[in-house]
Amino acid sequence: MIAATAPGYPLHFVPAGDLLGILPILIVGGGAVMVLIWDLVRPRGQEVWLAGLTGLFLIAALGTAIGQWIANSGPIVVFNGAYANDRFALFADFVVLITALAVVVLSPGYLRRRGLAEGEYYILLLASVAGMLVLDGALNLIVIFLGIELLSIPLYVLAGFARDDQRSQEGAMKYLLLGGFASGFLLYGMALLYGETGHTSLTAIHAFLLRDATAGHIDPMVLAAVGLLAVGLAFKVSAAPFHWWTPDVYQGSPAVVTTFMSVATKVAAFAVFLRLFSATLAPYRAEWTVPIAVVAIVSMIYGNVVAVAQTSIKRLLAYSGIAQAGYIMIGVALGRPDGTQASLYYLAAYAFMNTGAFAVVTILSRRGEDCDRYSELAGLGRREPVLAGLMSLFMLSLAGFPLTVGFFGKFFLFSAAIHDGQLALAIWGILTSAVSLFYYLRVILKMYAPAADVGAVEEFEVASVSPEGTAVAAPTAVGPAVLVVALAGAGTIVLGIFPAVIYSLLQGISVVHG
Amino acid sequence: MSWPILSVTLFLPLAGAMAILAIPSSRARAIRLALMAVTALTLGLTCVVLVAYLAVPSAAASKLSGTANGQSLSTIHSPITFQFQEQVNWLQSGTSLSHLHLAFNEGNSAFNQAAPPPVNFSYHLGVDGLSVWLMALAALLFLVAAVVLSQRDTRLRTFAVLMLLSEVGVLGVLSSLDLILFYFFWEAALIPLYFLMIGWGDRNRGRAALKFIIYTVAGSLFMLLAIFGVYFITGAQTGVYTFDLPTLIAAQSFVHNTQATTFSLFGHSFSLLNPQEWLFLAFALAFAIKVPLVPFHSWLPDAYSSGTTPFLIFFAGIVSKLGAFGLIRYNLTLFPQASHTFQPLMLGLAIASILYGALAALAQTDIKRIVGFASISHLGFVVLGIFSLNVDGLNGAIIQMVNHGIVIAALFICVGVVESRFATRTLSQLGGLARPMPVLAGLFLVVTLAGLGMPLLNSFVGEFLILLGAFQSSPVWAVLASLGVILACWYMLRLYQGLTQGELRLPGPEAVSEQLQTVSRRLGRLDVGPVEVAALVPLVALMLVVGVYPAPVIRYGRFSAAQYVQAANRQTATDPALVSSRSAAGSLP
């Protein structure tokens with residue numbers, strides 16, 4: 001990499017254009033340092049200002065990204081082809097930054113209620129966001145690895161942030177061990193790819209593979225590399241059968257961290273997944289499309305079927321997340337422009353509905369413990385009509401009902417699958433969507449049905465906690481957090497009626513694969 | 001038609017729902033009045049549409065239909081004429097995918113594929129001779145439900161809002177002329193229905209609601225796949241990529257489907273049925289679940305027995321009609337050839353529904369379940385008429401859809417009155433109610449006779465035409481179906497006699513029921529109140545009017561039945577010569 005520095009520039013001199021290209025990353029990364037300093041000098045007990053400062057940096061980064069979107073007409077490749085600031089990356093940046101912003105707004109109230117208010121939280125969050133932004137535009141294997149680690153290491157800490165909670169500790173440990181394992185796979189894949197092609201740059205690798213494939217030569221070593229890369233990335237997006245960490249980590253982590261992890265990580269990891277497979281490894285498409293499709297189908301089946309049996313809301317959302325990863329994977333498996341577009345659309349939709357759903361869980365969480373048991377939702381329709389209504393909306397959206405953004409997410413994915421002749425993907429998607437109705441609608445039923453009536457569907461529940469006992473601690477919904485939920489809800493509906501808003505953004509998108 | 005009357009009709013209930021949300025929930029009377037006003041206004045608008053549609057001479061209709069529709073294809077070839085069309089673009093992708101596409105396409109031959117077709121759907125409304133009737137019926141039933149709704153009902157405001165939202169969904173399904181818009185309303189209507197089902201009704205309602213939704217959505221998701229199939233196949237063969245129904249109907253003449261579909265699942269390929277037949281089956285599955293036809297009916301008894309009366313009036317009255325509507329509107333027009341191929345299958349299912357529904361109704365002890373199974377049997381007749389694929393049968397089916405909506409709503413009101421007075425639905429616990437409730441018994445008698453197809457009442461007209469049509473198709477079907485008519489007398493009279501005739505039987509210990517009887521006689525409170533009479537009388541009047549003087553209904557129904565039969569009888573292009581000659585005539589893009 002270093003040797004590849006363009007002639008004419010001394011090593012220590014970075015051209016301004018390159019810095020401009022990664023401006024959002026610089027803002028977020030710099031923000032992490034600033035928050036760190038502020039945390040040292042701030043007066044005690046003023047955590048809200050930390051959140052404010054963090055939010056400010058995220059807004060600045062978002063503004064910069066929007067400015068770059070408007071300004072650039074074509075892809076901008078900086079740092080000698082190591083990073084692309086193309087619209088593909090910017091779109092993923094938007095989703096990551098907006099999600100992070102929502103999480104930051106949710107955090108102060110939640111952390112205070114759970115007694116976790118610490119400055120490190122925001123620093124780690126910003127560092128992780130920086131890693132995600134790096135991933136969105138990474139055009140070099142080294143940069144990809146850098147991004148993955150920058151994203152993951154703060155998350156390992158964040159997952160265990162509830163230090164007194166045993167499940168949080170367990171989850172963090174699991175995440176760390178399995179995450180390290182997955183990074184190993186990824187790195188091994190990269191090493192093989194480098195060994196075979198002699199390049200770490202995706203551009204050069206693509207050119208190499210294209211020559212290879214055009215000559216009709218399929219390199220088994222490259223296949224092994226592709227497999228290892230796919231395993232590593234499938235772990236990050238929590239696709240079955242590489243999902244084993246997901247339920248425990250989602251359940252154990254503090255709810256705000258789970259919100260962040262479930263959406264933003266997935267977006268960044270899928271950005272790499274899409275760029276790497278649909279673009280760089282496109283010449284080997286015939287080889288990898290079927291295995292990826294199988295992973296997609298297994299995720300859809302496993303996630304949806306197992307979610308039915310859950311009694312914990314966070315685990316339910318974790319399995320639903322596995323299933324959703326399967327849907328998004330359809331777009332990866334197609335490996336064509338319309339599939340990529342559909343996947344990006346779904347990611348944006350997913351950001352709205354999943355952030356919203358987890359935000360409701362965050363708001364309902366009480367002192368010392370997350371709102372997790374299924375029975376804690378009982379009677380929510382009467383206690384908190386607004387929250388219950390919004391939660392229903394997110395559930396319907398995740399289930400893919402029209403009038404919600406989730407419908408058009410599935411619409412574009414299935415339509416792309418059928419257009420590309422991958423009927424099996426579409427049919428499995430449809431069948432598992434039908435299964436998913438059962439558990440999504442059961443959440444709604446739980447919230448609205450009078451306590452006595454729920455008996456009919458309760459037979460699946462292992463822990464029988466009396467609804468009266470749990471319905472006591474009605475949390476007082478706090479202002480800014482409810483605002484986040486309401487905005488997510490508004491987005492879910494507006495984008496569900498006017499799909500053109502996101503679709504037109506995706507129309508002009510460009511992706512640099514090299 | 002510059003005034004968007006269909007949009008106004010469609011969104012009036014939505015505006016009404018918003019207005020009702022603004023009324024404090026404690027003011028039950030105001031909420032109920034507002035609900036009645038909104039539904040009455042909607043009924044008024046649908047009647048204006050109905051009258052305006054019928055007033056246009058049929059010859060002028062074809063000219064009218066083309067005016068609002070940008071695509072010329074439909075005006076030339078579509079055998080169905082739609083009026084009051086409104087079209088606004090909803091999502092249209094340009095061809096600017098090229099940017100992304102180029103980056104992907106570079107050099108790799110395995111990766112070279114034509115750019116994906118533009119996604120293109122619009123907000124397109126319109127009515128034809130089928131949907132005007134059903135829209136008027138829907139609006140009428142929602143008004144009746146609003147009348148029946150009691151001020152004392154729990155969470156009245158929420159119920160009213162959800163009810164109006166489902167009205168938007170139902171009217172949207174009936175008036176949309178774009179496959180995506182149709183699917184959008186079709187599924188969106190389920191959301192308020194689901195909330196209505198889980199919020200009001202007996203103890204089993206949660207399970208019943210879940211069952212209904214999962215059944216319906218599972219079916220309609222396959223329809224969504226089939227919608228994509230129609231889109232891509234039509235697009236690939238004719239070059240017209242659109243979800244627009246009139247255009248698609250016209251374009252079907254040009255779609256040739258001689259080859260069986262070859263599937264490749266991970267390298268293995270096998271062939272089975274042709275594309276049109278697959279698509280037909282997917283659409284038919286969604287609609288058969290909604291109707292419901294017999295193997296897909298098991299959600300219905302639960303849903304019907306657990307719902308409350310106002311809900312059942314529009315749920316049983318119009319929502320189940322949407323399935324039959326879909327079979328006519330989409331299956332017959334988009335898949336003419338497959339409609340003929342699968343005619344025996346669909347007729348067989350219809351007969352099975354008629355007989356199974358009738359026999360099951362005989363076996364029930366729960367009065368609401370009796371009505372539910374009777375409904376299955378009656379809707380079997382509707383499907384029988386549709387797939388007779390001739391003018392008489394289809395005309396009968398259209399008339400019978402409206403009739404059934406009126407009859408089933410009235411039946412549920414009667415049964416609901418009984419249930420609310422005595423807090424039981426068990427037939428054996430009740431009897432001799434004609435004495436304490438003479439008015440109910442009288443109205444109930446008319447409704448019962450209408451339900452069993454008595455001449456001079458409305459159902460006779462529809463069933464007669466359906467049997468006439470079925471006979472033309474094959475006498476065997478007609479003979480089997482008339483068994484259902486005989487059974488209908490049995491189960492309807494069993495219900496009526498059991499409830500109203502014989503010794504007076506009331507639930508509970510002897511002493512209590514005697515007391516109840518004396519008290520109620522003195523207060524006159526057992527019989528139907530003015531509200532129920534106000535809801536029942538218009539329905540009974542309609543039964544009599546249609547039954548005694550059916551000529552106008554038959555005449556107007558015949559016109560659109562003929563259109564749909566013409567659409568279903570189109571020969572799809574099977575040999576290349578026909579394709580080329582037709583496309584030359586049709587000036588395809």
# chains A, B, ... in the order shown; residues from 1 in each chain; ligands from 1
$ interface_residues --of "chain A" --to "chain B" --cutoff "8 Å" --atoms "only C-alpha atoms" --output "PyMOL selection string"
chain A and resi 210+214+278-279+282-283+290+336-338+401-403+414-415+418-419+423-424+426-427+430-431+433-435+437-438+441-442+445+448-449+453-454+456-457+498-500+503-504+507-513
$ write_last_selection --atoms "N, CA and C atoms" --output "short mmCIF file (atom, residue, chain, number, x, y, z; two decimals), in the first residue's frame"
data_model
loop_
_atom_site.label_atom_id
_atom_site.label_comp_id
_atom_site.auth_asym_id
_atom_site.auth_seq_id
_atom_site.Cartn_x
_atom_site.Cartn_y
_atom_site.Cartn_z
N LEU A 210 -10.95 -11.04 -13.91
CA LEU A 210 -11.64 -10.92 -15.20
C LEU A 210 -10.82 -11.60 -16.29
N THR A 214 -12.19 -14.80 -18.22
CA THR A 214 -12.37 -14.71 -19.66
C THR A 214 -11.59 -15.81 -20.36
N SER A 278 -20.74 -8.34 -5.73
CA SER A 278 -21.41 -7.95 -6.96
C SER A 278 -20.47 -7.24 -7.92
N ALA A 279 -19.40 -6.66 -7.41
CA ALA A 279 -18.52 -5.93 -8.32
C ALA A 279 -17.17 -6.62 -8.47
N ALA A 282 -17.29 -10.28 -9.38
CA ALA A 282 -18.29 -10.57 -10.40
C ALA A 282 -17.85 -11.60 -11.43
N PRO A 283 -16.59 -11.59 -11.83
CA PRO A 283 -16.19 -12.60 -12.82
C PRO A 283 -16.41 -14.03 -12.34
N VAL A 290 -24.74 -19.55 -6.19
CA VAL A 290 -25.56 -20.58 -5.55
C VAL A 290 -25.28 -20.70 -4.05
N ARG A 336 -26.39 -8.64 -9.42
CA ARG A 336 -26.66 -7.78 -10.58
C ARG A 336 -27.11 -6.41 -10.07
N PRO A 337 -27.09 -5.43 -10.96
CA PRO A 337 -27.44 -4.08 -10.50
C PRO A 337 -28.78 -3.99 -9.80
N ASP A 338 -29.81 -4.64 -10.35
CA ASP A 338 -31.11 -4.48 -9.71
C ASP A 338 -31.14 -5.14 -8.33
N PHE A 401 -46.02 -5.51 5.28
CA PHE A 401 -47.35 -5.07 4.86
C PHE A 401 -47.26 -3.79 4.03
N PRO A 402 -48.17 -3.60 3.09
CA PRO A 402 -48.21 -2.34 2.36
C PRO A 402 -48.52 -1.18 3.30
N LEU A 403 -48.31 0.01 2.81
CA LEU A 403 -48.43 1.25 3.59
C LEU A 403 -47.22 1.45 4.46
N PHE A 414 -37.92 -9.14 -4.31
CA PHE A 414 -38.56 -10.26 -4.99
C PHE A 414 -38.65 -10.00 -6.48
N SER A 415 -38.95 -8.75 -6.82
CA SER A 415 -39.05 -8.44 -8.25
C SER A 415 -37.71 -8.64 -8.94
N ILE A 418 -37.10 -12.40 -9.34
CA ILE A 418 -37.86 -13.01 -10.43
C ILE A 418 -37.31 -12.58 -11.77
N HIS A 419 -36.95 -11.32 -11.85
CA HIS A 419 -36.42 -10.85 -13.12
C HIS A 419 -35.14 -11.58 -13.49
N LEU A 423 -36.16 -17.95 -9.21
CA LEU A 423 -37.48 -18.13 -8.65
C LEU A 423 -37.42 -18.72 -7.25
N ALA A 424 -36.44 -19.60 -7.03
CA ALA A 424 -36.35 -20.28 -5.73
C ALA A 424 -36.19 -19.26 -4.61
N ALA A 426 -37.16 -16.16 -4.55
CA ALA A 426 -38.41 -15.43 -4.34
C ALA A 426 -39.42 -16.30 -3.61
N ILE A 427 -39.51 -17.56 -3.99
CA ILE A 427 -40.52 -18.42 -3.37
C ILE A 427 -40.20 -18.66 -1.90
N ILE A 430 -41.11 -15.62 0.01
CA ILE A 430 -42.55 -15.51 0.21
C ILE A 430 -43.01 -16.45 1.33
N LEU A 431 -42.55 -17.70 1.25
CA LEU A 431 -43.01 -18.68 2.24
C LEU A 431 -42.60 -18.26 3.64
N SER A 433 -41.89 -15.26 4.65
CA SER A 433 -42.61 -14.05 5.04
C SER A 433 -43.93 -14.42 5.69
N ALA A 434 -44.57 -15.43 5.13
CA ALA A 434 -45.84 -15.86 5.70
C ALA A 434 -45.63 -16.38 7.11
N VAL A 435 -44.54 -17.12 7.33
CA VAL A 435 -44.25 -17.61 8.67
C VAL A 435 -44.02 -16.44 9.62
N LEU A 437 -45.24 -13.60 9.74
CA LEU A 437 -46.45 -12.92 10.22
C LEU A 437 -46.82 -13.39 11.60
N PHE A 438 -46.61 -14.70 11.82
CA PHE A 438 -47.07 -15.28 13.07
C PHE A 438 -46.47 -14.57 14.26
N LEU A 441 -47.19 -10.50 14.28
CA LEU A 441 -48.56 -10.15 14.67
C LEU A 441 -48.83 -10.54 16.12
N ARG A 442 -48.11 -11.56 16.60
CA ARG A 442 -48.33 -11.97 17.99
C ARG A 442 -47.88 -10.87 18.94
N LEU A 445 -50.75 -8.55 18.97
CA LEU A 445 -51.85 -9.15 19.72
C LEU A 445 -51.59 -9.02 21.21
N TYR A 448 -52.39 -5.56 22.54
CA TYR A 448 -53.76 -5.07 22.52
C TYR A 448 -54.76 -5.98 23.18
N ALA A 449 -54.48 -7.29 23.18
CA ALA A 449 -55.48 -8.19 23.71
C ALA A 449 -55.58 -8.02 25.22
N ASP A 453 -57.48 -12.77 27.37
CA ASP A 453 -57.66 -13.34 26.04
C ASP A 453 -56.43 -13.95 25.43
N VAL A 454 -55.31 -13.60 25.97
CA VAL A 454 -54.07 -13.99 25.31
C VAL A 454 -53.84 -15.48 25.42
N ALA A 456 -55.03 -18.02 24.37
CA ALA A 456 -55.08 -18.82 23.16
C ALA A 456 -53.72 -18.96 22.49
N VAL A 457 -52.95 -17.89 22.48
CA VAL A 457 -51.68 -17.96 21.78
C VAL A 457 -50.52 -18.12 22.75
N PHE A 498 -44.69 6.67 -0.47
CA PHE A 498 -43.94 7.27 -1.58
C PHE A 498 -42.57 6.61 -1.71
N PRO A 499 -42.54 5.43 -2.29
CA PRO A 499 -41.27 4.72 -2.38
C PRO A 499 -40.26 5.46 -3.25
N ALA A 500 -40.76 6.38 -4.06
CA ALA A 500 -39.88 7.06 -5.01
C ALA A 500 -38.81 7.88 -4.30
N TYR A 503 -36.05 5.50 -3.84
CA TYR A 503 -35.78 4.87 -5.13
C TYR A 503 -35.08 5.83 -6.08
N SER A 504 -35.49 7.10 -6.04
CA SER A 504 -34.86 8.04 -6.95
C SER A 504 -33.42 8.32 -6.53
N GLN A 507 -31.48 5.60 -7.98
CA GLN A 507 -31.41 5.64 -9.44
C GLN A 507 -30.08 6.16 -9.93
N GLY A 508 -29.62 7.22 -9.27
CA GLY A 508 -28.41 7.85 -9.77
C GLY A 508 -27.15 7.28 -9.14
N ILE A 509 -27.28 6.13 -8.52
CA ILE A 509 -26.15 5.64 -7.73
C ILE A 509 -25.06 5.05 -8.63
N SER A 510 -23.86 5.15 -8.14
CA SER A 510 -22.77 4.55 -8.89
C SER A 510 -21.92 3.78 -7.92
N VAL A 511 -21.35 2.71 -8.36
CA VAL A 511 -20.50 1.94 -7.48
C VAL A 511 -19.17 1.69 -8.18
N VAL A 512 -18.12 1.96 -7.46
CA VAL A 512 -16.80 1.72 -8.03
C VAL A 512 -16.35 0.35 -7.57
N HIS A 513 -16.03 -0.48 -8.49
CA HIS A 513 -15.53 -1.78 -8.09
C HIS A 513 -14.07 -1.87 -8.45
#
$ residues_around --residues "Ala268 of chain A" --least-positions-apart "3" --cutoff "10 Å" --atoms "only C-alpha atoms" --output "PyMOL selection string"
chain A and resi 89+92-93+95-96+129+131-137+147-148+151+236-237+263-265+271-274+347
$ residues_around --residues "Arg555 of chain B" --least-positions-apart "5" --cutoff "12 Å" --atoms "only C-alpha atoms" --output "MDAnalysis selection string"
chainID B and resid 54 58 129 391:392 395:396 398:399 549:550 560:562
$ residues_around --residues "Ala325 of chain A" --least-positions-apart "4" --cutoff "8 Å" --atoms "only C-alpha atoms" --output "ChimeraX atom specification"
/A:237-239,266,296,299-300,321,329
$ closest_residue --among "A:Tyr194, A:Tyr327, A:Trp428, A:Phe394" --to "Val360 of chain A" --atoms "only C-alpha atoms"
A:Phe394
$ select_by_dssp --residues "segment 183-342 of chain B" --states "helix (DSSP H, G or I)" --output "number ranges by chain"
B: 183-188, 190-199, 205-238, 245-254, 275-290, 294-296, 299-306, 309-319, 321-334, 336-341
$ residues_around --residues "Phe315 of chain B" --least-positions-apart "6" --cutoff "9 Å" --atoms "only C-alpha atoms" --output "count of residues only"
3
$ residues_around --residues "Tyr356 of chain B" --least-positions-apart "2" --cutoff "10 Å" --atoms "only C-alpha atoms" --output "PDB file with C-alpha atoms, in the first residue's frame"
ATOM      1  CA  LEU B 293     -63.380 -22.179  -1.415  1.00  0.00           C
ATOM      2  CA  VAL B 294     -63.427 -25.431   0.421  1.00  0.00           C
ATOM      3  CA  PRO B 295     -59.943 -26.658   1.072  1.00  0.00           C
ATOM      4  CA  ALA B 350     -67.147 -24.643  -6.216  1.00  0.00           C
ATOM      5  CA  ILE B 351     -69.321 -27.764  -6.000  1.00  0.00           C
ATOM      6  CA  ALA B 352     -67.261 -29.016  -3.087  1.00  0.00           C
ATOM      7  CA  SER B 353     -67.818 -25.698  -1.309  1.00  0.00           C
ATOM      8  CA  ILE B 354     -71.538 -25.772  -1.977  1.00  0.00           C
ATOM      9  CA  ALA B 358     -74.249 -27.018   3.375  1.00  0.00           C
ATOM     10  CA  LEU B 359     -73.534 -30.298   5.157  1.00  0.00           C
ATOM     11  CA  ALA B 360     -71.286 -28.593   7.695  1.00  0.00           C
ATOM     12  CA  ALA B 361     -73.973 -25.982   8.342  1.00  0.00           C
ATOM     13  CA  LEU B 362     -76.352 -28.800   9.147  1.00  0.00           C
ATOM     14  CA  PHE B 373     -70.919 -22.386   6.714  1.00  0.00           C
ATOM     15  CA  ALA B 374     -74.030 -21.257   4.872  1.00  0.00           C
ATOM     16  CA  ILE B 376     -69.321 -20.899   2.243  1.00  0.00           C
ATOM     17  CA  SER B 377     -72.059 -22.762   0.466  1.00  0.00           C
ATOM     18  CA  GLY B 380     -69.606 -21.723  -3.891  1.00  0.00           C
ATOM     19  CA  GLY B 484     -76.981 -27.519  -2.554  1.00  0.00           C
TER      20      GLY B 484
END
$ closest_residue --among "A:Leu228, A:Leu90, A:Phe407, A:Phe161" --to "Gly63 of chain A" --atoms "only C-alpha atoms"
A:Leu90
$ atom_distance --atom1 "atom CA of Gly431 of chain B" --atom2 "atom CA of Leu504 of chain B"
5.1 Å
$ residues_around --residues "Pro247 of chain A" --least-positions-apart "6" --cutoff "7 Å" --atoms "only C-alpha atoms" --output "PyMOL selection string"
chain A and resi 315+318-319
$ select_by_dssp --residues "segment 70-245 of chain A" --states "strand (DSSP E or B)" --output "list of chain:residue names"
A:Val77, A:Val78, A:Tyr83, A:Ala84, A:Ala138, A:Asn140, A:Ser201
$ atom_distance --atom1 "atom CA of Leu349 of chain B" --atom2 "atom CA of Phe387 of chain B"
10.5 Å
$ closest_residue --among "B:Tyr491, B:Trp299, B:Phe444, B:Phe287" --to "Val383 of chain B" --atoms "only C-alpha atoms"
B:Phe287
$ atom_distance --atom1 "atom CA of Ile70 of chain A" --atom2 "atom CA of Gly17 of chain A"
16.6 Å
